[in-house]
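Structure file query03.tsv; described as TSV, C-alpha atoms and all ligand atoms.
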```tsv
chain	number	residue	atom	x	y	z
T	1	MET	CA	122.60	249.14	10.08
T	2	ARG	CA	121.45	251.86	7.65
T	3	VAL	CA	124.66	253.10	6.05
T	4	LEU	CA	124.99	256.08	3.69
T	5	VAL	CA	128.01	255.78	1.36
T	6	VAL	CA	128.95	259.04	-0.37
T	7	GLY	CA	131.13	258.42	-3.42
T	8	ALA	CA	129.55	254.99	-3.83
T	9	ALA	CA	130.17	254.94	-7.59
T	10	GLY	CA	133.94	255.41	-7.25
T	11	THR	CA	136.85	252.97	-7.16
T	12	ILE	CA	136.99	252.81	-3.35
T	13	GLY	CA	133.26	253.51	-2.90
T	14	GLN	CA	132.17	250.52	-5.00
T	15	ALA	CA	134.42	248.24	-2.94
T	16	ILE	CA	132.96	249.65	0.31
T	17	VAL	CA	129.43	249.00	-0.99
T	18	ARG	CA	130.39	245.41	-1.98
T	19	ALA	CA	131.76	244.81	1.51
T	20	LEU	CA	128.88	246.35	3.48
T	21	ALA	CA	125.87	245.34	1.35
T	22	PRO	CA	125.60	241.69	2.51
T	23	ARG	CA	125.07	242.76	6.15
T	24	HIS	CA	123.63	246.29	6.01
T	25	GLU	CA	121.12	248.49	4.20
T	26	VAL	CA	123.41	250.63	2.01
T	27	ILE	CA	122.25	253.95	0.52
T	28	ARG	CA	124.50	255.07	-2.35
T	29	ALA	CA	125.16	258.78	-2.95
T	30	SER	CA	127.24	260.90	-5.32
T	31	ARG	CA	126.74	263.76	-7.79
T	32	SER	CA	125.39	261.81	-10.75
T	33	LYS	CA	125.98	258.05	-10.72
T	34	SER	CA	124.11	256.97	-7.54
T	35	GLN	CA	120.56	256.61	-6.23
T	36	VAL	CA	120.84	259.73	-4.01
T	37	LYS	CA	122.32	262.93	-5.47
T	38	VAL	CA	124.72	265.11	-3.48
T	39	ASP	CA	127.52	267.52	-4.32
T	40	LEU	CA	130.00	267.83	-1.47
T	41	THR	CA	131.02	271.31	-2.64
T	42	ASP	CA	127.47	272.57	-2.03
T	43	PRO	CA	126.37	272.69	1.66
T	44	GLY	CA	122.73	273.10	0.57
T	45	SER	CA	122.94	269.82	-1.34
T	46	ILE	CA	124.37	268.03	1.73
T	47	LYS	CA	121.49	269.33	3.92
T	48	ALA	CA	118.94	268.29	1.25
T	49	MET	CA	120.46	264.78	1.07
T	50	TYR	CA	120.16	264.28	4.84
T	51	ALA	CA	116.57	265.55	4.79
T	52	ALA	CA	115.76	263.06	2.01
T	53	VAL	CA	117.43	259.89	3.35
T	54	GLY	CA	116.09	259.84	6.93
T	55	ARG	CA	117.77	258.37	10.04
T	56	LEU	CA	121.16	256.68	9.59
T	57	ASP	CA	123.45	254.48	11.69
T	58	ALA	CA	126.60	255.28	9.72
T	59	VAL	CA	127.87	257.76	7.15
T	60	VAL	CA	130.87	256.75	5.03
T	61	CYS	CA	132.55	259.14	2.60
T	62	ALA	CA	134.88	258.01	-0.20
T	63	ALA	CA	134.51	261.18	-2.28
T	64	GLY	CA	136.12	264.55	-2.56
T	65	GLU	CA	138.33	265.78	-5.37
T	66	GLY	CA	141.80	267.25	-5.16
T	67	VAL	CA	144.38	268.86	-7.42
T	68	PHE	CA	147.75	267.10	-7.82
T	69	LYS	CA	150.26	269.50	-9.41
T	70	PRO	CA	153.85	270.77	-8.99
T	71	LEU	CA	154.15	273.51	-6.36
T	72	ALA	CA	155.31	276.07	-8.92
T	73	GLN	CA	152.08	275.57	-10.91
T	74	LEU	CA	149.63	275.55	-7.99
T	75	THR	CA	147.17	278.42	-7.93
T	76	GLU	CA	144.99	279.79	-5.14
T	77	GLU	CA	142.04	278.40	-7.09
T	78	ASP	CA	143.58	274.89	-6.89
T	79	PHE	CA	143.69	275.23	-3.10
T	80	ARG	CA	140.20	276.76	-2.94
T	81	PHE	CA	138.71	273.95	-5.07
T	82	THR	CA	140.33	271.10	-3.10
T	83	LEU	CA	139.52	272.69	0.26
T	84	SER	CA	135.87	273.10	-0.76
T	85	SER	CA	135.54	269.54	-2.14
T	86	LYS	CA	137.61	267.03	-0.16
T	87	LEU	CA	138.07	269.00	3.09
T	88	MET	CA	134.99	271.16	3.71
T	89	GLY	CA	132.76	268.68	1.84
T	90	GLN	CA	133.61	265.98	4.40
T	91	VAL	CA	133.60	268.37	7.37
T	92	ASN	CA	130.11	269.53	6.33
T	93	LEU	CA	128.96	265.90	6.04
T	94	VAL	CA	129.69	265.63	9.77
T	95	VAL	CA	128.48	269.07	10.86
T	96	TYR	CA	125.17	268.82	8.98
T	97	GLY	CA	124.84	265.07	9.51
T	98	MET	CA	125.33	264.57	13.23
T	99	ASP	CA	121.66	265.22	14.07
T	100	HIS	CA	120.63	262.59	11.49
T	101	VAL	CA	122.85	259.81	12.90
T	102	ASN	CA	121.47	257.51	15.58
T	103	ASP	CA	123.00	257.04	19.04
T	104	ARG	CA	126.36	255.17	18.90
T	105	GLY	CA	126.44	255.61	15.10
T	106	SER	CA	129.53	256.64	13.17
T	107	PHE	CA	131.18	258.77	10.51
T	108	THR	CA	134.05	257.44	8.37
T	109	LEU	CA	135.89	259.95	6.19
T	110	THR	CA	138.65	259.50	3.60
T	111	THR	CA	142.06	261.12	3.89
T	112	GLY	CA	145.15	259.59	2.22
T	113	ILE	CA	148.84	258.89	2.68
T	114	LEU	CA	150.02	262.19	1.16
T	115	PHE	CA	149.98	263.96	4.55
T	116	GLU	CA	152.22	261.41	6.26
T	117	LYS	CA	154.32	260.64	3.16
T	118	PRO	CA	154.10	263.56	0.70
T	119	THR	CA	155.44	263.26	-2.84
T	120	PRO	CA	156.20	266.04	-5.33
T	121	GLY	CA	152.85	267.41	-6.53
T	122	SER	CA	151.00	266.68	-3.29
T	123	GLY	CA	151.07	270.18	-1.75
T	124	VAL	CA	147.30	270.71	-1.76
T	125	LEU	CA	146.37	267.15	-0.81
T	126	ALA	CA	148.89	267.14	2.05
T	127	VAL	CA	147.15	270.21	3.49
T	128	VAL	CA	143.69	268.69	3.05
T	129	ASN	CA	144.51	265.19	4.36
T	130	GLY	CA	146.35	266.63	7.38
T	131	GLY	CA	143.47	269.02	8.10
T	132	LEU	CA	140.96	266.17	7.95
T	133	ILE	CA	143.03	263.95	10.26
T	134	GLY	CA	143.10	266.82	12.78
T	135	PHE	CA	139.36	267.40	12.37
T	136	VAL	CA	138.61	263.72	13.04
T	137	ARG	CA	140.65	263.74	16.26
T	138	ALA	CA	138.95	266.93	17.46
T	139	ALA	CA	135.41	265.96	16.45
T	140	ALA	CA	135.74	262.60	18.24
T	141	LEU	CA	135.96	264.56	21.51
T	142	GLU	CA	132.69	266.39	20.89
T	143	LEU	CA	130.28	264.27	18.88
T	144	PRO	CA	127.17	263.62	21.00
T	145	ARG	CA	125.32	260.40	21.96
T	146	GLY	CA	128.30	258.08	21.55
T	147	ILE	CA	128.68	258.84	17.84
T	148	ARG	CA	132.15	257.79	16.62
T	149	ILE	CA	134.33	259.24	13.85
T	150	ASN	CA	137.43	257.90	12.06
T	151	ASP	CA	139.20	258.47	8.79
T	152	CYS	CA	140.58	255.85	6.45
T	153	CYS	CA	143.96	256.78	5.02
T	154	PRO	CA	144.63	254.77	1.85
T	155	GLY	CA	147.91	254.58	0.01
T	156	TRP	CA	147.69	254.10	-3.77
T	157	VAL	CA	144.84	251.83	-4.84
T	158	SER	CA	145.86	249.18	-7.44
T	159	GLU	CA	142.91	249.90	-9.76
T	160	THR	CA	143.78	253.61	-9.75
T	161	LEU	CA	147.41	252.87	-10.68
T	162	THR	CA	146.19	250.65	-13.54
T	163	ALA	CA	143.86	253.42	-14.76
T	164	MET	CA	146.86	255.80	-14.71
T	165	GLY	CA	148.92	253.35	-16.80
T	166	MET	CA	151.16	252.46	-13.85
T	167	ASP	CA	152.14	249.13	-12.27
T	168	PRO	CA	149.28	248.07	-9.95
T	169	LYS	CA	151.72	246.09	-7.78
T	170	GLY	CA	152.68	249.38	-6.10
T	171	GLY	CA	149.16	249.69	-4.70
T	172	THR	CA	146.52	247.86	-2.66
T	173	PRO	CA	143.36	246.42	-4.27
T	174	ALA	CA	140.22	248.43	-3.46
T	175	ASP	CA	138.55	245.38	-1.85
T	176	ILE	CA	141.41	245.26	0.70
T	177	VAL	CA	141.30	249.03	1.30
T	178	ALA	CA	137.56	248.69	1.96
T	179	LYS	CA	138.26	246.50	5.01
T	180	ASP	CA	139.36	249.59	7.01
T	181	TYR	CA	136.01	251.26	6.23
T	182	VAL	CA	134.13	248.17	7.38
T	183	ALA	CA	136.22	248.10	10.58
T	184	SER	CA	135.32	251.74	11.24
T	185	VAL	CA	131.58	251.15	10.67
T	186	GLU	CA	131.29	247.87	12.59
T	187	GLY	CA	133.97	248.37	15.27
T	188	THR	CA	134.41	250.59	18.32
T	189	ALA	CA	137.32	252.87	17.32
T	190	THR	CA	136.94	256.63	17.37
T	191	GLY	CA	139.29	259.53	16.61
T	192	ARG	CA	141.56	257.18	14.63
T	193	SER	CA	143.23	257.37	11.24
T	194	LEU	CA	142.92	253.81	9.94
T	195	ARG	CA	145.47	252.39	7.54
T	196	SER	CA	146.08	248.72	8.13
T	197	VAL	CA	147.40	247.94	4.64
T	198	GLY	CA	149.12	249.48	1.62
V	1	LIG	N1	142.32	255.86	-5.50
V	1	LIG	C1	143.42	256.07	-4.78
V	1	LIG	O1	144.53	255.58	-5.11
V	1	LIG	C2	143.33	256.91	-3.54
V	1	LIG	C3	144.41	256.89	-2.63
V	1	LIG	C4	144.31	257.66	-1.47
V	1	LIG	C5	143.19	258.44	-1.24
V	1	LIG	N2	142.17	258.45	-2.14
V	1	LIG	C6	140.99	259.28	-1.87
V	1	LIG	O2	139.85	258.47	-1.83
V	1	LIG	C7	138.71	259.20	-2.30
V	1	LIG	C8	138.01	258.37	-3.37
V	1	LIG	O3	138.98	258.02	-4.34
V	1	LIG	P1	138.56	257.12	-5.61
V	1	LIG	O4	139.83	256.76	-6.29
V	1	LIG	O5	137.63	256.04	-5.21
V	1	LIG	O6	137.83	258.20	-6.51
V	1	LIG	P2	136.92	258.02	-7.80
V	1	LIG	O7	137.06	256.66	-8.37
V	1	LIG	O8	137.18	259.20	-8.65
V	1	LIG	O9	135.44	258.12	-7.20
V	1	LIG	C9	135.02	259.24	-6.51
V	1	LIG	C10	133.52	259.14	-6.34
V	1	LIG	O10	133.06	260.29	-5.63
V	1	LIG	C11	132.02	260.94	-6.35
V	1	LIG	N3	132.29	262.37	-6.20
V	1	LIG	C12	133.35	263.08	-6.66
V	1	LIG	N4	133.23	264.37	-6.33
V	1	LIG	C13	132.07	264.47	-5.63
V	1	LIG	C14	131.40	265.55	-5.02
V	1	LIG	N5	131.86	266.82	-5.09
V	1	LIG	N6	130.24	265.31	-4.36
V	1	LIG	C15	129.74	264.04	-4.30
V	1	LIG	N7	130.33	262.98	-4.86
V	1	LIG	C16	131.48	263.20	-5.53
V	1	LIG	C17	132.08	260.44	-7.81
V	1	LIG	O11	130.82	260.13	-8.37
V	1	LIG	P3	129.97	261.22	-9.19
V	1	LIG	O12	130.77	261.55	-10.40
V	1	LIG	O13	128.65	260.54	-9.45
V	1	LIG	O14	129.83	262.37	-8.25
V	1	LIG	C18	132.77	259.09	-7.65
V	1	LIG	O15	131.81	258.08	-7.49
V	1	LIG	C19	139.27	260.55	-2.81
V	1	LIG	O16	139.07	261.54	-1.81
V	1	LIG	C20	140.74	260.30	-2.97
V	1	LIG	O17	141.52	261.46	-2.76
V	1	LIG	C21	142.21	257.68	-3.29
```

Rewrite the coordinates I just gave you, this time as structure tokens.
Amino acid sequence: MRVLVVGAAGTIGQAIVRALAPRHEVIRASRSKSQVKVDLTDPGSIKAMYAAVGRLDAVVCAAGEGVFKPLAQLTEEDFRFTLSSKLMGQVNLVVYGMDHVNDRGSFTLTTGILFEKPTPGSGVLAVVNGGLIGFVRAAALELPRGIRINDCCPGWVSETLTAMGMDPKGGTPADIVAKDYVASVEGTATGRSLRSVG
């Protein structure tokens, strides 16, 4: 398969690329650190990326930024930024990408556990992850030509906890998290929020 991975330079993205690369042609995209440049906050950049990369069998996204802050400190700009990056960035990847994906291809987006199990500070990300899970369910009903869509819903990733100076045992290694992405790309599920571990 020809698989586009957006966010390929990231903690989860690198693990997805490692898992897919032995069996598929993987095209790596992100703002600055990948072969193909795209900024999810800019719809024009998403359209330009699809025009440049050609036909695809699968699009995987492990990108999209979000603000994590106590409710009392959250601003409208924090919501606007996170909605435009993690939520609308991934929605636009589907809306502008569906004509570039082959019959029976797939989209795999990234949500996260903070919708199902919020913690203090997760107000914006709970909104965004919940919105994306709803979008995936709805889009699965309408995508044409047998195209599938799922989201992967990681808990904390061990490498991220280490980078934050926290105990990595509370998380799941990125290579394990990547297995859900591979299952979405290579399997038959659609309209699902995948979280087998963590
Ligand atoms: N790590 C965790 O513990 C965890 C847990 C649950 C959910 N998640 C979610 O998983 C996703 C990836 O997390 P991660 O920890 O792997 O992040 P990360 O290590 O920060 O990597 C994110 C990647 O996305 C790219 N990127 C960021 N903003 C972008 C944009 N606007 N347009 C295009 N590319 C962009 C970055 O590369 P460039 O700088 O080159 O653009 C980077 O390669 C995020 O949505 C996060 O909320 C993560």

Residues near T:Ala72, anyone? I mean within 10 Å using all atoms listed in the file, not counting same-chain ones fewer than 3 positions away, as a list in words.
Lys69, Thr75 and Gly121 of chain T

Okay, now the selection with C-alpha atoms, as a PDB file, keeping the file's coordinate frame?
```
ATOM      1  CA  LYS T  69     150.260 269.500  -9.410  1.00  0.00           C
ATOM      2  CA  THR T  75     147.170 278.420  -7.930  1.00  0.00           C
ATOM      3  CA  GLY T 121     152.850 267.410  -6.530  1.00  0.00           C
TER       4      GLY T 121
END
```

Each chain T residue no farther than 6 Å from ligand LIG 1 (chain V), nearest pair in Å, only C-alpha atoms and all ligand atoms, as JSON lines:
```
{"residue": "T:Gly7", "atom": "CA", "partner": "V:LIG1", "partner_atom": "O10", "distance": 3.5}
{"residue": "T:Ala8", "atom": "CA", "partner": "V:LIG1", "partner_atom": "O15", "distance": 5.3}
{"residue": "T:Ala9", "atom": "CA", "partner": "V:LIG1", "partner_atom": "O15", "distance": 3.5}
{"residue": "T:Gly10", "atom": "CA", "partner": "V:LIG1", "partner_atom": "O9", "distance": 3.1}
{"residue": "T:Thr11", "atom": "CA", "partner": "V:LIG1", "partner_atom": "O5", "distance": 3.7}
{"residue": "T:Ile12", "atom": "CA", "partner": "V:LIG1", "partner_atom": "O5", "distance": 3.8}
{"residue": "T:Gly13", "atom": "CA", "partner": "V:LIG1", "partner_atom": "O5", "distance": 5.6}
{"residue": "T:Ser30", "atom": "CA", "partner": "V:LIG1", "partner_atom": "N7", "distance": 3.8}
{"residue": "T:Arg31", "atom": "CA", "partner": "V:LIG1", "partner_atom": "O14", "distance": 3.4}
{"residue": "T:Ser32", "atom": "CA", "partner": "V:LIG1", "partner_atom": "O13", "distance": 3.7}
{"residue": "T:Lys33", "atom": "CA", "partner": "V:LIG1", "partner_atom": "O13", "distance": 3.9}
{"residue": "T:Val38", "atom": "CA", "partner": "V:LIG1", "partner_atom": "C15", "distance": 5.2}
{"residue": "T:Asp39", "atom": "CA", "partner": "V:LIG1", "partner_atom": "N6", "distance": 3.5}
{"residue": "T:Leu40", "atom": "CA", "partner": "V:LIG1", "partner_atom": "N6", "distance": 3.8}
{"residue": "T:Thr41", "atom": "CA", "partner": "V:LIG1", "partner_atom": "N5", "distance": 5.2}
{"residue": "T:Ala62", "atom": "CA", "partner": "V:LIG1", "partner_atom": "C8", "distance": 4.5}
{"residue": "T:Ala63", "atom": "CA", "partner": "V:LIG1", "partner_atom": "O10", "distance": 3.8}
{"residue": "T:Gly64", "atom": "CA", "partner": "V:LIG1", "partner_atom": "O16", "distance": 4.3}
{"residue": "T:Glu65", "atom": "CA", "partner": "V:LIG1", "partner_atom": "N4", "distance": 5.4}
{"residue": "T:Ser85", "atom": "CA", "partner": "V:LIG1", "partner_atom": "N5", "distance": 5.4}
{"residue": "T:Lys86", "atom": "CA", "partner": "V:LIG1", "partner_atom": "O16", "distance": 5.9}
{"residue": "T:Thr110", "atom": "CA", "partner": "V:LIG1", "partner_atom": "O2", "distance": 5.7}
{"residue": "T:Thr111", "atom": "CA", "partner": "V:LIG1", "partner_atom": "C5", "distance": 5.9}
{"residue": "T:Gly112", "atom": "CA", "partner": "V:LIG1", "partner_atom": "C5", "distance": 4.1}
{"residue": "T:Pro154", "atom": "CA", "partner": "V:LIG1", "partner_atom": "C4", "distance": 4.4}
{"residue": "T:Gly155", "atom": "CA", "partner": "V:LIG1", "partner_atom": "C3", "distance": 5.0}
{"residue": "T:Trp156", "atom": "CA", "partner": "V:LIG1", "partner_atom": "O1", "distance": 3.7}
{"residue": "T:Val157", "atom": "CA", "partner": "V:LIG1", "partner_atom": "O1", "distance": 3.8}
{"residue": "T:Thr160", "atom": "CA", "partner": "V:LIG1", "partner_atom": "N1", "distance": 5.0}
```

Kindly give the distance, in Å, that separates atom CA of T:Val6 and atom CA of T:Val53, rounded to a single decimal.
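Atom-to-atom, atom CA of T:Val6 and atom CA of T:Val53 are spaced 12.1 Å apart.
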
Please identify all polymer residues lying at most 12 Å from the point (142.1, 252.3, 7.2) (file coordinates), using all atoms listed in the file, and present the result as a ChimeraX atom specification.
/T:12,16,62,108-113,150-155,172,174-185,189,192-198

Among listed residues T:Leu74, T:Val17, T:Leu56, T:Ala138, nearest T:Asp99 (using all atoms listed in the file):
T:Leu56

Skipping near chain neighbours, those fewer than 6 positions away, what residues fall within 12 Å of T:Ala21 using all atoms listed in the file, listed as an mmCIF file with C-alpha atoms, keeping the file's coordinate frame?
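The new file result35.cif reads:
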```cif
data_model
loop_
_atom_site.group_PDB
_atom_site.id
_atom_site.type_symbol
_atom_site.label_atom_id
_atom_site.label_comp_id
_atom_site.auth_asym_id
_atom_site.auth_seq_id
_atom_site.Cartn_x
_atom_site.Cartn_y
_atom_site.Cartn_z
ATOM 1 C CA MET T 1 122.600 249.140 10.080
ATOM 2 C CA ARG T 2 121.450 251.860 7.650
ATOM 3 C CA VAL T 3 124.660 253.100 6.050
ATOM 4 C CA LEU T 4 124.990 256.080 3.690
ATOM 5 C CA VAL T 5 128.010 255.780 1.360
ATOM 6 C CA ALA T 8 129.550 254.990 -3.830
ATOM 7 C CA GLY T 13 133.260 253.510 -2.900
ATOM 8 C CA GLN T 14 132.170 250.520 -5.000
ATOM 9 C CA ALA T 15 134.420 248.240 -2.940
ATOM 10 C CA ILE T 27 122.250 253.950 0.520
ATOM 11 C CA ARG T 28 124.500 255.070 -2.350
ATOM 12 C CA VAL T 182 134.130 248.170 7.380
#
```

For T:Glu186, which of T:Gly146, T:Pro173, T:Gly105, T:Gly130 is the closest residue, counting all atoms listed in the file?
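Comparing T:Gly146, T:Pro173, T:Gly105, T:Gly130 against T:Glu186, the winner is T:Gly105.
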
Any idea what the distance is between atom CA of T:Ser158 and atom CA of T:Val94?
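Pair atom CA of T:Ser158 / atom CA of T:Val94 returns 28.8 Å.
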
Using only C-alpha atoms, which residue out of T:Val95, T:Leu83, T:Ala126, T:Met164 lies closest to T:Glu142?
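Distance minimum relative to T:Glu142 lands on T:Val95.
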
Considering all atoms listed in the file, can you say which of T:Arg148, T:His24, T:Val128, T:Leu141 comes closest to T:Arg80?
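Between T:Arg148, T:His24, T:Val128, T:Leu141, the residue approaching T:Arg80 most closely is T:Val128.
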
At the level of C-alpha atoms, write stretch 56-153 of chain T to a file as a tab-separated table (two decimals), in the first residue's frame, please.
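Below you can see decode-v2.tsv, which holds the result:
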```
chain	number	residue	atom	x	y	z
T	56	LEU	CA	-2.85	6.93	-1.75
T	57	ASP	CA	-4.22	3.74	-0.19
T	58	ALA	CA	-4.13	5.04	3.38
T	59	VAL	CA	-3.74	8.30	5.28
T	60	VAL	CA	-2.58	8.12	8.90
T	61	CYS	CA	-2.40	11.19	11.14
T	62	ALA	CA	-0.40	11.32	14.38
T	63	ALA	CA	-0.18	15.11	14.53
T	64	GLY	CA	-2.18	17.99	15.87
T	65	GLU	CA	-1.30	20.17	18.82
T	66	GLY	CA	-3.39	20.96	21.87
T	67	VAL	CA	-3.27	23.17	24.95
T	68	PHE	CA	-3.23	21.46	28.37
T	69	LYS	CA	-4.01	24.03	31.08
T	70	PRO	CA	-6.21	24.52	34.18
T	71	LEU	CA	-9.77	25.58	33.32
T	72	ALA	CA	-9.39	28.91	35.11
T	73	GLN	CA	-6.45	29.81	32.84
T	74	LEU	CA	-7.93	28.64	29.52
T	75	THR	CA	-8.55	31.38	26.98
T	76	GLU	CA	-10.70	31.45	23.86
T	77	GLU	CA	-7.44	31.53	21.91
T	78	ASP	CA	-6.40	28.22	23.55
T	79	PHE	CA	-9.63	26.65	22.28
T	80	ARG	CA	-9.31	28.28	18.85
T	81	PHE	CA	-5.71	27.06	18.44
T	82	THR	CA	-6.44	23.45	19.47
T	83	LEU	CA	-9.62	23.28	17.41
T	84	SER	CA	-7.77	24.54	14.33
T	85	SER	CA	-4.79	22.17	14.79
T	86	LYS	CA	-5.84	18.80	16.21
T	87	LEU	CA	-9.56	18.87	15.35
T	88	MET	CA	-10.07	20.78	12.08
T	89	GLY	CA	-6.59	19.80	10.86
T	90	GLN	CA	-7.58	16.11	10.96
T	91	VAL	CA	-11.13	16.74	9.71
T	92	ASN	CA	-9.67	18.64	6.74
T	93	LEU	CA	-7.25	15.77	6.05
T	94	VAL	CA	-10.35	13.62	5.44
T	95	VAL	CA	-12.50	16.22	3.66
T	96	TYR	CA	-9.74	17.28	1.25
T	97	GLY	CA	-8.19	13.82	1.05
T	98	MET	CA	-11.09	11.52	0.24
T	99	ASP	CA	-10.82	12.07	-3.53
T	100	HIS	CA	-7.11	11.18	-3.38
T	101	VAL	CA	-7.62	7.83	-1.59
T	102	ASN	CA	-8.15	4.68	-3.64
T	103	ASP	CA	-11.20	2.42	-3.40
T	104	ARG	CA	-11.32	0.49	-0.07
T	105	GLY	CA	-8.53	2.72	1.31
T	106	SER	CA	-8.56	4.21	4.79
T	107	PHE	CA	-8.05	7.16	7.10
T	108	THR	CA	-6.68	6.73	10.63
T	109	LEU	CA	-6.81	9.76	12.92
T	110	THR	CA	-5.46	10.33	16.45
T	111	THR	CA	-7.67	11.20	19.40
T	112	GLY	CA	-6.64	10.35	22.99
T	113	ILE	CA	-7.93	9.10	26.32
T	114	LEU	CA	-8.76	12.57	27.70
T	115	PHE	CA	-12.32	12.45	26.33
T	116	GLU	CA	-13.19	9.16	28.01
T	117	LYS	CA	-11.07	9.77	31.13
T	118	PRO	CA	-10.46	13.52	31.56
T	119	THR	CA	-7.95	14.84	34.08
T	120	PRO	CA	-7.60	18.38	35.45
T	121	GLY	CA	-6.17	20.52	32.65
T	122	SER	CA	-7.76	18.52	29.84
T	123	GLY	CA	-10.75	20.78	29.08
T	124	VAL	CA	-9.70	21.68	25.53
T	125	LEU	CA	-8.38	18.23	24.60
T	126	ALA	CA	-11.53	16.54	25.95
T	127	VAL	CA	-13.60	18.70	23.58
T	128	VAL	CA	-11.31	17.99	20.63
T	129	ASN	CA	-10.90	14.23	21.20
T	130	GLY	CA	-14.66	13.80	21.74
T	131	GLY	CA	-15.42	15.83	18.62
T	132	LEU	CA	-13.04	13.72	16.54
T	133	ILE	CA	-14.49	10.44	17.83
T	134	GLY	CA	-17.95	11.68	16.79
T	135	PHE	CA	-16.62	12.80	13.40
T	136	VAL	CA	-15.08	9.38	12.75
T	137	ARG	CA	-18.37	7.60	13.52
T	138	ALA	CA	-20.31	9.96	11.26
T	139	ALA	CA	-17.81	10.02	8.39
T	140	ALA	CA	-17.69	6.20	8.33
T	141	LEU	CA	-21.34	6.27	7.23
T	142	GLU	CA	-20.64	8.52	4.25
T	143	LEU	CA	-17.16	7.94	2.88
T	144	PRO	CA	-17.45	6.69	-0.72
T	145	ARG	CA	-16.00	3.64	-2.53
T	146	GLY	CA	-15.54	1.50	0.58
T	147	ILE	CA	-13.09	3.93	2.18
T	148	ARG	CA	-12.79	3.23	5.93
T	149	ILE	CA	-12.04	5.59	8.82
T	150	ASN	CA	-11.01	4.95	12.45
T	151	ASP	CA	-9.29	6.85	15.21
T	152	CYS	CA	-6.60	5.56	17.52
T	153	CYS	CA	-7.08	6.68	21.11
```
